[in-house]
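Structure file model-v9.pdb (PDB, C-alpha atoms) is printed below.
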```
ATOM      1  CA  MET A   1       0.681  38.354  -3.058
ATOM      2  CA  PRO A   2       1.784  40.660  -0.220
ATOM      3  CA  ASP A   3       5.420  40.929  -1.364
ATOM      4  CA  GLY A   4       4.686  40.967  -5.092
ATOM      5  CA  LEU A   5       7.057  39.270  -7.489
ATOM      6  CA  LEU A   6      10.808  39.835  -7.273
ATOM      7  CA  GLY A   7      11.533  43.027  -9.177
ATOM      8  CA  PHE A   8       7.851  44.042  -9.020
ATOM      9  CA  PRO A   9       7.310  44.735  -5.306
ATOM     10  CA  ASP A  10       4.669  47.415  -5.842
ATOM     11  CA  PHE A  11       2.206  45.098  -7.574
ATOM     12  CA  THR A  12       0.538  42.743  -5.141
ATOM     13  CA  ARG A  13      -2.895  41.864  -6.519
ATOM     14  CA  TYR A  14      -3.145  39.238  -9.234
ATOM     15  CA  LEU A  15      -5.775  37.105 -10.883
ATOM     16  CA  ILE A  16      -5.197  33.717 -12.563
ATOM     17  CA  LEU A  17      -6.793  33.356 -15.997
ATOM     18  CA  GLN A  18      -6.905  30.349 -18.291
ATOM     19  CA  HIS A  19      -4.896  31.012 -21.473
ATOM     20  CA  ARG A  20      -7.067  28.936 -23.826
ATOM     21  CA  ASP A  21      -9.413  25.991 -23.423
ATOM     22  CA  GLY A  22      -7.317  22.863 -22.986
ATOM     23  CA  SER A  23      -4.057  24.800 -22.658
ATOM     24  CA  PRO A  24      -1.797  24.011 -19.687
ATOM     25  CA  PHE A  25      -0.912  27.708 -19.479
ATOM     26  CA  ARG A  26      -2.446  30.338 -17.247
ATOM     27  CA  TRP A  27      -1.932  34.068 -17.061
ATOM     28  CA  LEU A  28      -1.029  35.643 -13.774
ATOM     29  CA  GLN A  29      -2.678  38.943 -14.541
ATOM     30  CA  CYS A  30      -1.773  41.907 -12.377
ATOM     31  CA  LEU A  31      -4.783  43.861 -11.143
ATOM     32  CA  ASP A  32      -2.753  46.908 -10.107
ATOM     33  CA  GLU A  33      -1.142  47.304 -13.541
ATOM     34  CA  PRO A  34      -3.265  46.041 -16.455
ATOM     35  CA  THR A  35      -0.302  45.800 -18.865
ATOM     36  CA  LEU A  36       1.572  43.432 -16.540
ATOM     37  CA  ALA A  37       0.947  39.705 -16.853
ATOM     38  CA  PHE A  38       3.055  36.592 -16.475
ATOM     39  CA  LEU A  39       2.554  33.300 -18.235
ATOM     40  CA  ILE A  40       2.548  30.472 -15.692
ATOM     41  CA  VAL A  41       2.257  26.703 -15.834
ATOM     42  CA  ASP A  42       1.963  23.834 -13.383
ATOM     43  CA  PRO A  43       5.587  22.569 -13.318
ATOM     44  CA  SER A  44       4.421  18.940 -13.098
ATOM     45  CA  HIS A  45       3.318  19.341 -16.711
ATOM     46  CA  TYR A  46       7.008  19.333 -17.704
ATOM     47  CA  VAL A  47       9.028  18.160 -14.696
ATOM     48  CA  SER A  48       8.121  14.930 -12.949
ATOM     49  CA  GLU A  49      10.020  15.310  -9.710
ATOM     50  CA  TYR A  50       9.816  18.888  -8.565
ATOM     51  CA  ALA A  51       9.656  19.279  -4.825
ATOM     52  CA  PRO A  52      10.974  22.625  -3.668
ATOM     53  CA  THR A  53      11.357  22.899   0.071
ATOM     54  CA  LEU A  54       8.994  25.346   1.705
ATOM     55  CA  SER A  55      10.955  27.183   4.352
ATOM     56  CA  ASP A  56       9.403  27.960   7.726
ATOM     57  CA  GLU A  57       9.215  31.642   6.878
ATOM     58  CA  ALA A  58       7.473  30.887   3.577
ATOM     59  CA  GLN A  59       4.929  28.706   5.356
ATOM     60  CA  ALA A  60       4.405  31.418   7.952
ATOM     61  CA  SER A  61       3.944  34.213   5.430
ATOM     62  CA  LEU A  62       1.408  32.165   3.463
ATOM     63  CA  GLU A  63      -0.242  31.030   6.706
ATOM     64  CA  LEU A  64       0.052  27.439   5.526
ATOM     65  CA  ASP A  65      -0.860  24.636   7.858
ATOM     66  CA  ALA A  66      -1.000  20.868   7.346
ATOM     67  CA  GLU A  67      -4.537  21.091   5.954
ATOM     68  CA  SER A  68      -3.971  23.940   3.490
ATOM     69  CA  PRO A  69      -4.353  23.133  -0.185
ATOM     70  CA  VAL A  70      -1.121  24.255  -1.849
ATOM     71  CA  LEU A  71      -0.838  25.252  -5.493
ATOM     72  CA  VAL A  72       2.519  25.585  -7.215
ATOM     73  CA  TYR A  73       3.075  27.381 -10.502
ATOM     74  CA  THR A  74       6.240  28.283 -12.361
ATOM     75  CA  ILE A  75       6.712  31.400 -14.472
ATOM     76  CA  VAL A  76       7.299  30.806 -18.174
ATOM     77  CA  THR A  77       9.734  32.754 -20.328
ATOM     78  CA  ILE A  78       9.527  32.556 -24.129
ATOM     79  CA  PRO A  79      12.078  34.557 -26.112
ATOM     80  CA  ARG A  80      10.320  36.646 -28.761
ATOM     81  CA  GLY A  81       9.405  34.463 -31.745
ATOM     82  CA  MET A  82      11.159  31.381 -30.321
ATOM     83  CA  PRO A  83       8.624  29.159 -28.551
ATOM     84  CA  GLU A  84      11.012  26.200 -28.820
ATOM     85  CA  LYS A  85      13.332  28.063 -26.445
ATOM     86  CA  MET A  86      10.691  28.289 -23.755
ATOM     87  CA  THR A  87      11.971  27.968 -20.193
ATOM     88  CA  ILE A  88      10.328  27.711 -16.798
ATOM     89  CA  ASN A  89      11.727  29.199 -13.625
ATOM     90  CA  LEU A  90      12.164  26.377 -11.117
ATOM     91  CA  ALA A  91      14.207  28.561  -8.741
ATOM     92  CA  GLY A  92      11.404  31.089  -8.244
ATOM     93  CA  PRO A  93       8.101  29.200  -8.064
ATOM     94  CA  ILE A  94       4.843  30.858  -7.130
ATOM     95  CA  VAL A  95       3.220  29.101  -4.224
ATOM     96  CA  ILE A  96      -0.408  29.741  -3.382
ATOM     97  CA  ASN A  97      -2.337  28.858  -0.275
ATOM     98  CA  GLY A  98      -5.630  27.757  -1.816
ATOM     99  CA  ALA A  99      -7.498  28.368   1.430
ATOM    100  CA  ASN A 100      -6.769  32.093   1.841
ATOM    101  CA  ARG A 101      -5.453  32.851  -1.688
ATOM    102  CA  LYS A 102      -2.215  34.265  -0.375
ATOM    103  CA  ALA A 103       0.669  33.762  -2.739
ATOM    104  CA  SER A 104       4.384  34.270  -2.692
ATOM    105  CA  GLN A 105       7.294  33.867  -5.063
ATOM    106  CA  LEU A 106       9.795  31.662  -3.286
ATOM    107  CA  VAL A 107      13.546  31.724  -3.746
ATOM    108  CA  ILE A 108      14.762  28.127  -4.008
ATOM    109  CA  ASP A 109      18.511  28.214  -3.564
ATOM    110  CA  ASP A 110      19.179  24.705  -4.839
ATOM    111  CA  PRO A 111      21.596  24.000  -7.715
ATOM    112  CA  GLN A 112      19.281  21.366  -9.250
ATOM    113  CA  TYR A 113      16.540  23.965  -9.842
ATOM    114  CA  SER A 114      17.400  26.414 -12.600
ATOM    115  CA  VAL A 115      16.010  29.886 -13.203
ATOM    116  CA  ARG A 116      15.844  28.873 -16.887
ATOM    117  CA  HIS A 117      14.838  25.248 -17.090
ATOM    118  CA  SER A 118      14.591  24.388 -20.758
ATOM    119  CA  VAL A 119      11.411  22.343 -21.161
ATOM    120  CA  PHE A 120      11.661  21.080 -24.705
ATOM    121  CA  ASP A 121      15.309  19.957 -24.398
ATOM    122  CA  SER A 122      14.529  17.983 -21.296
ATOM    123  CA  ALA A 123      11.463  16.452 -22.960
ATOM    124  CA  ARG A 124      13.650  15.249 -25.806
ATOM    125  CA  VAL A 125      16.199  13.768 -23.416
ATOM    126  CA  ALA A 126      13.450  12.002 -21.507
ATOM    127  CA  ALA A 127      12.064  10.537 -24.747
TER     128      ALA A 127
ATOM    129  CA  MET B   1      27.649  52.262   2.127
ATOM    130  CA  LEU B   2      28.634  51.749   5.719
ATOM    131  CA  VAL B   3      31.965  49.951   5.974
ATOM    132  CA  LEU B   4      33.023  48.146   9.168
ATOM    133  CA  THR B   5      36.094  46.080   9.904
ATOM    134  CA  ARG B   6      35.447  42.882  11.883
ATOM    135  CA  LYS B   7      37.551  39.942  13.019
ATOM    136  CA  VAL B   8      36.580  36.278  13.136
ATOM    137  CA  ASN B   9      33.869  35.655  15.748
ATOM    138  CA  GLN B  10      32.956  39.324  15.831
ATOM    139  CA  SER B  11      29.562  40.351  14.550
ATOM    140  CA  ILE B  12      27.349  43.211  13.542
ATOM    141  CA  ILE B  13      23.735  43.826  14.482
ATOM    142  CA  ILE B  14      21.236  45.095  11.901
ATOM    143  CA  GLY B  15      18.181  46.605  13.521
ATOM    144  CA  ASP B  16      17.239  44.920  16.790
ATOM    145  CA  ASP B  17      17.219  41.312  15.784
ATOM    146  CA  VAL B  18      19.495  40.486  12.861
ATOM    147  CA  GLU B  19      23.043  39.475  13.733
ATOM    148  CA  VAL B  20      25.737  38.655  11.184
ATOM    149  CA  VAL B  21      28.793  36.843  12.557
ATOM    150  CA  VAL B  22      32.095  36.368  10.729
ATOM    151  CA  LEU B  23      32.789  32.646  11.262
ATOM    152  CA  GLU B  24      35.823  32.017   9.128
ATOM    153  CA  VAL B  25      38.059  33.771   6.638
ATOM    154  CA  ARG B  26      39.996  31.595   4.258
ATOM    155  CA  GLY B  27      41.701  33.241   1.295
ATOM    156  CA  GLU B  28      38.975  34.946  -0.739
ATOM    157  CA  GLN B  29      36.138  33.155   1.039
ATOM    158  CA  VAL B  30      34.308  34.447   4.060
ATOM    159  CA  ARG B  31      31.856  32.296   5.985
ATOM    160  CA  LEU B  32      29.082  34.248   7.640
ATOM    161  CA  GLY B  33      26.566  33.144  10.217
ATOM    162  CA  ILE B  34      23.232  34.927  10.255
ATOM    163  CA  LYS B  35      20.856  34.998  13.182
ATOM    164  CA  ALA B  36      17.523  36.458  12.198
ATOM    165  CA  PRO B  37      13.854  35.985  13.052
ATOM    166  CA  LYS B  38      11.965  33.530  10.831
ATOM    167  CA  SER B  39      10.110  36.399   9.181
ATOM    168  CA  VAL B  40      13.374  37.668   7.687
ATOM    169  CA  THR B  41      14.396  35.879   4.512
ATOM    170  CA  VAL B  42      18.084  35.547   3.781
ATOM    171  CA  HIS B  43      19.447  34.497   0.385
ATOM    172  CA  ARG B  44      22.583  34.819  -1.643
ATOM    173  CA  LYS B  45      22.186  37.951  -3.730
ATOM    174  CA  GLU B  46      23.038  36.204  -7.041
ATOM    175  CA  ILE B  47      19.956  33.984  -6.932
ATOM    176  CA  TYR B  48      17.781  36.942  -6.033
ATOM    177  CA  ASP B  49      19.144  38.968  -8.951
ATOM    178  CA  GLN B  50      18.687  36.048 -11.352
ATOM    179  CA  ILE B  51      15.038  35.611 -10.432
ATOM    180  CA  GLN B  52      14.401  39.357 -10.710
ATOM    181  CA  GLU B  53      15.942  39.423 -14.170
ATOM    182  CA  GLU B  54      14.003  36.316 -15.226
ATOM    183  CA  ASN B  55      10.752  37.907 -14.008
ATOM    184  CA  ARG B  56      11.539  40.954 -16.121
ATOM    185  CA  GLN B  57      12.097  38.759 -19.181
ATOM    186  CA  ALA B  58       8.942  36.761 -18.435
ATOM    187  CA  SER B  59       6.826  39.923 -18.281
ATOM    188  CA  GLN B  60       7.591  40.428 -22.003
ATOM    189  CA  VAL B  61       6.173  37.086 -23.207
ATOM    190  CA  ARG B  62       3.826  37.495 -26.166
ATOM    191  CA  SER B  63       0.600  35.559 -26.499
ATOM    192  CA  GLU B  64       1.371  34.559 -30.099
ATOM    193  CA  ASP B  65       4.544  32.723 -29.014
ATOM    194  CA  ILE B  66       2.769  30.371 -26.624
ATOM    195  CA  PRO B  67       2.883  26.707 -27.715
ATOM    196  CA  GLU B  68      -0.192  24.469 -27.659
ATOM    197  CA  LYS B  69       1.133  22.332 -24.829
TER     198      LYS B  69
END
```

Could I get this file's structure written as structure tokens?
Amino acid sequence: MPDGLLGFPDFTRYLILQHRDGSPFRWLQCLDEPTLAFLIVDPSHYVSEYAPTLSDEAQASLELDAESPVLVYTIVTIPRGMPEKMTINLAGPIVINGANRKASQLVIDDPQYSVRHSVFDSARVAA
Amino acid sequence: MLVLTRKVNQSIIIGDDVEVVVLEVRGEQVRLGIKAPKSVTVHRKEIYDQIQEENRQASQVRSEDIPEK
């Protein structure tokens, strides 16, 4: 992740670890700073129609071409002790080029994609 | 901070290849045009700040708070 995450520009090397067997969650574990890790999840697990636009510069920086396998994760925030208030960040997805393992946190400036998308509220509305 | 006064249709150059043009001034709103190479990302600062703050919050998530699914 050449540019790191927003607010963490100095940390550029990460590893993705499974949280638990069968869990949809992964840890984006920083290799440069062992105490830094982000919980991430495939947004399609919670949001059915999520299609952020990949800008030309994002495609260029990830060296994406038509053939590249693309992985999209969103960062999860859970307020301390309140898992029901979990949110995912749809405005700042992490996009990975599966071919060269380059990743980048995109900035999606689109009012329909919130920085704090509440997953359990929306699940209830959908049900 | 460098402060410059510009009129509509005047611009400033940042470095060799980023140009910011004042397109329109209407009341409190200013419309800017930005010409920059594709490698330069341009965003409204609010969204940038929001994502930074959210990343900071997300870095504090505790394993014991993670739901099953």

Compile the contact shell of Gly22 (chain A) as a list in words: residues with an atom at most 12 Å away, counting only C-alpha atoms, same-chain residues fewer than 2 positions apart removed.
->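 The filter keeps Gln18, His19, Arg20, Pro24, Phe25 and Arg26 of chain A; Pro67, Glu68 and Lys69 of chain B.
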
Could you please take those selected residues and save C-alpha atoms as a PDB file, in the coordinates of the input?
```pdb
ATOM      1  CA  GLN A  18      -6.905  30.349 -18.291  1.00  0.00           C
ATOM      2  CA  HIS A  19      -4.896  31.012 -21.473  1.00  0.00           C
ATOM      3  CA  ARG A  20      -7.067  28.936 -23.826  1.00  0.00           C
ATOM      4  CA  PRO A  24      -1.797  24.011 -19.687  1.00  0.00           C
ATOM      5  CA  PHE A  25      -0.912  27.708 -19.479  1.00  0.00           C
ATOM      6  CA  ARG A  26      -2.446  30.338 -17.247  1.00  0.00           C
TER       7      ARG A  26
ATOM      8  CA  PRO B  67       2.883  26.707 -27.715  1.00  0.00           C
ATOM      9  CA  GLU B  68      -0.192  24.469 -27.659  1.00  0.00           C
ATOM     10  CA  LYS B  69       1.133  22.332 -24.829  1.00  0.00           C
TER      11      LYS B  69
END
```

Determine, counting only C-alpha atoms, every residue of protein, DNA or RNA that lies within 6 Å of (13.5, 25.0, -3.8) in the file coordinates, then give the result as a PyMOL selection string.
-> chain A and resi 52-53+108-110

Up to 6 Å from chain A, what residues of chain B turn up? Count all atoms listed in the file and give them as a list in words.
-> Lys38, Ser39, Gln52, Ala58, Ser59, Val61 and Asp65 of chain B

Selection above as a file: C-alpha atoms, as a PDB file, in the coordinates of the input:
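Final file, selection.pdb:
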```pdb
ATOM      1  CA  LYS B  38      11.965  33.530  10.831  1.00  0.00           C
ATOM      2  CA  SER B  39      10.110  36.399   9.181  1.00  0.00           C
ATOM      3  CA  GLN B  52      14.401  39.357 -10.710  1.00  0.00           C
ATOM      4  CA  ALA B  58       8.942  36.761 -18.435  1.00  0.00           C
ATOM      5  CA  SER B  59       6.826  39.923 -18.281  1.00  0.00           C
ATOM      6  CA  VAL B  61       6.173  37.086 -23.207  1.00  0.00           C
ATOM      7  CA  ASP B  65       4.544  32.723 -29.014  1.00  0.00           C
TER       8      ASP B  65
END
```

Can you list what the PyMOL selection byres ((chain A and resi 62-68) around 7) grabs from this structure, as JSON, numbers by chain?
-> {"A": [58, 59, 60, 61, 69, 70, 97, 98, 99, 102, 103]}

Separation of CA of Ala36 (chain B) from CA of Lys7 (chain B), in Å and rounded to one decimal | 20.3 Å

Interatomic distance (Å, one decimal) between CA of Asn9 (chain B) and CA of Glu24 (chain B) |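 These atoms are spaced 7.8 Å apart.
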
Would you translate the PyMOL selection byres ((chain A and resi 73) around 8) into the concrete set of residues it matches in this file, as a ChimeraX atom specification?
-> /A:40-43,71-72,74-75,93-95

Among the residues B:Ile47, B:Gln10, B:Gly33, B:Val3, the one that comes closest to Tyr113 (chain A) [using only C-alpha atoms] =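 For Tyr113 (chain A), the nearest of the given residues is B:Ile47.
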
Interatomic distance (Å, one decimal) between CA of Gln60 (chain B) and CA of Ile16 (chain A) = 17.3 Å
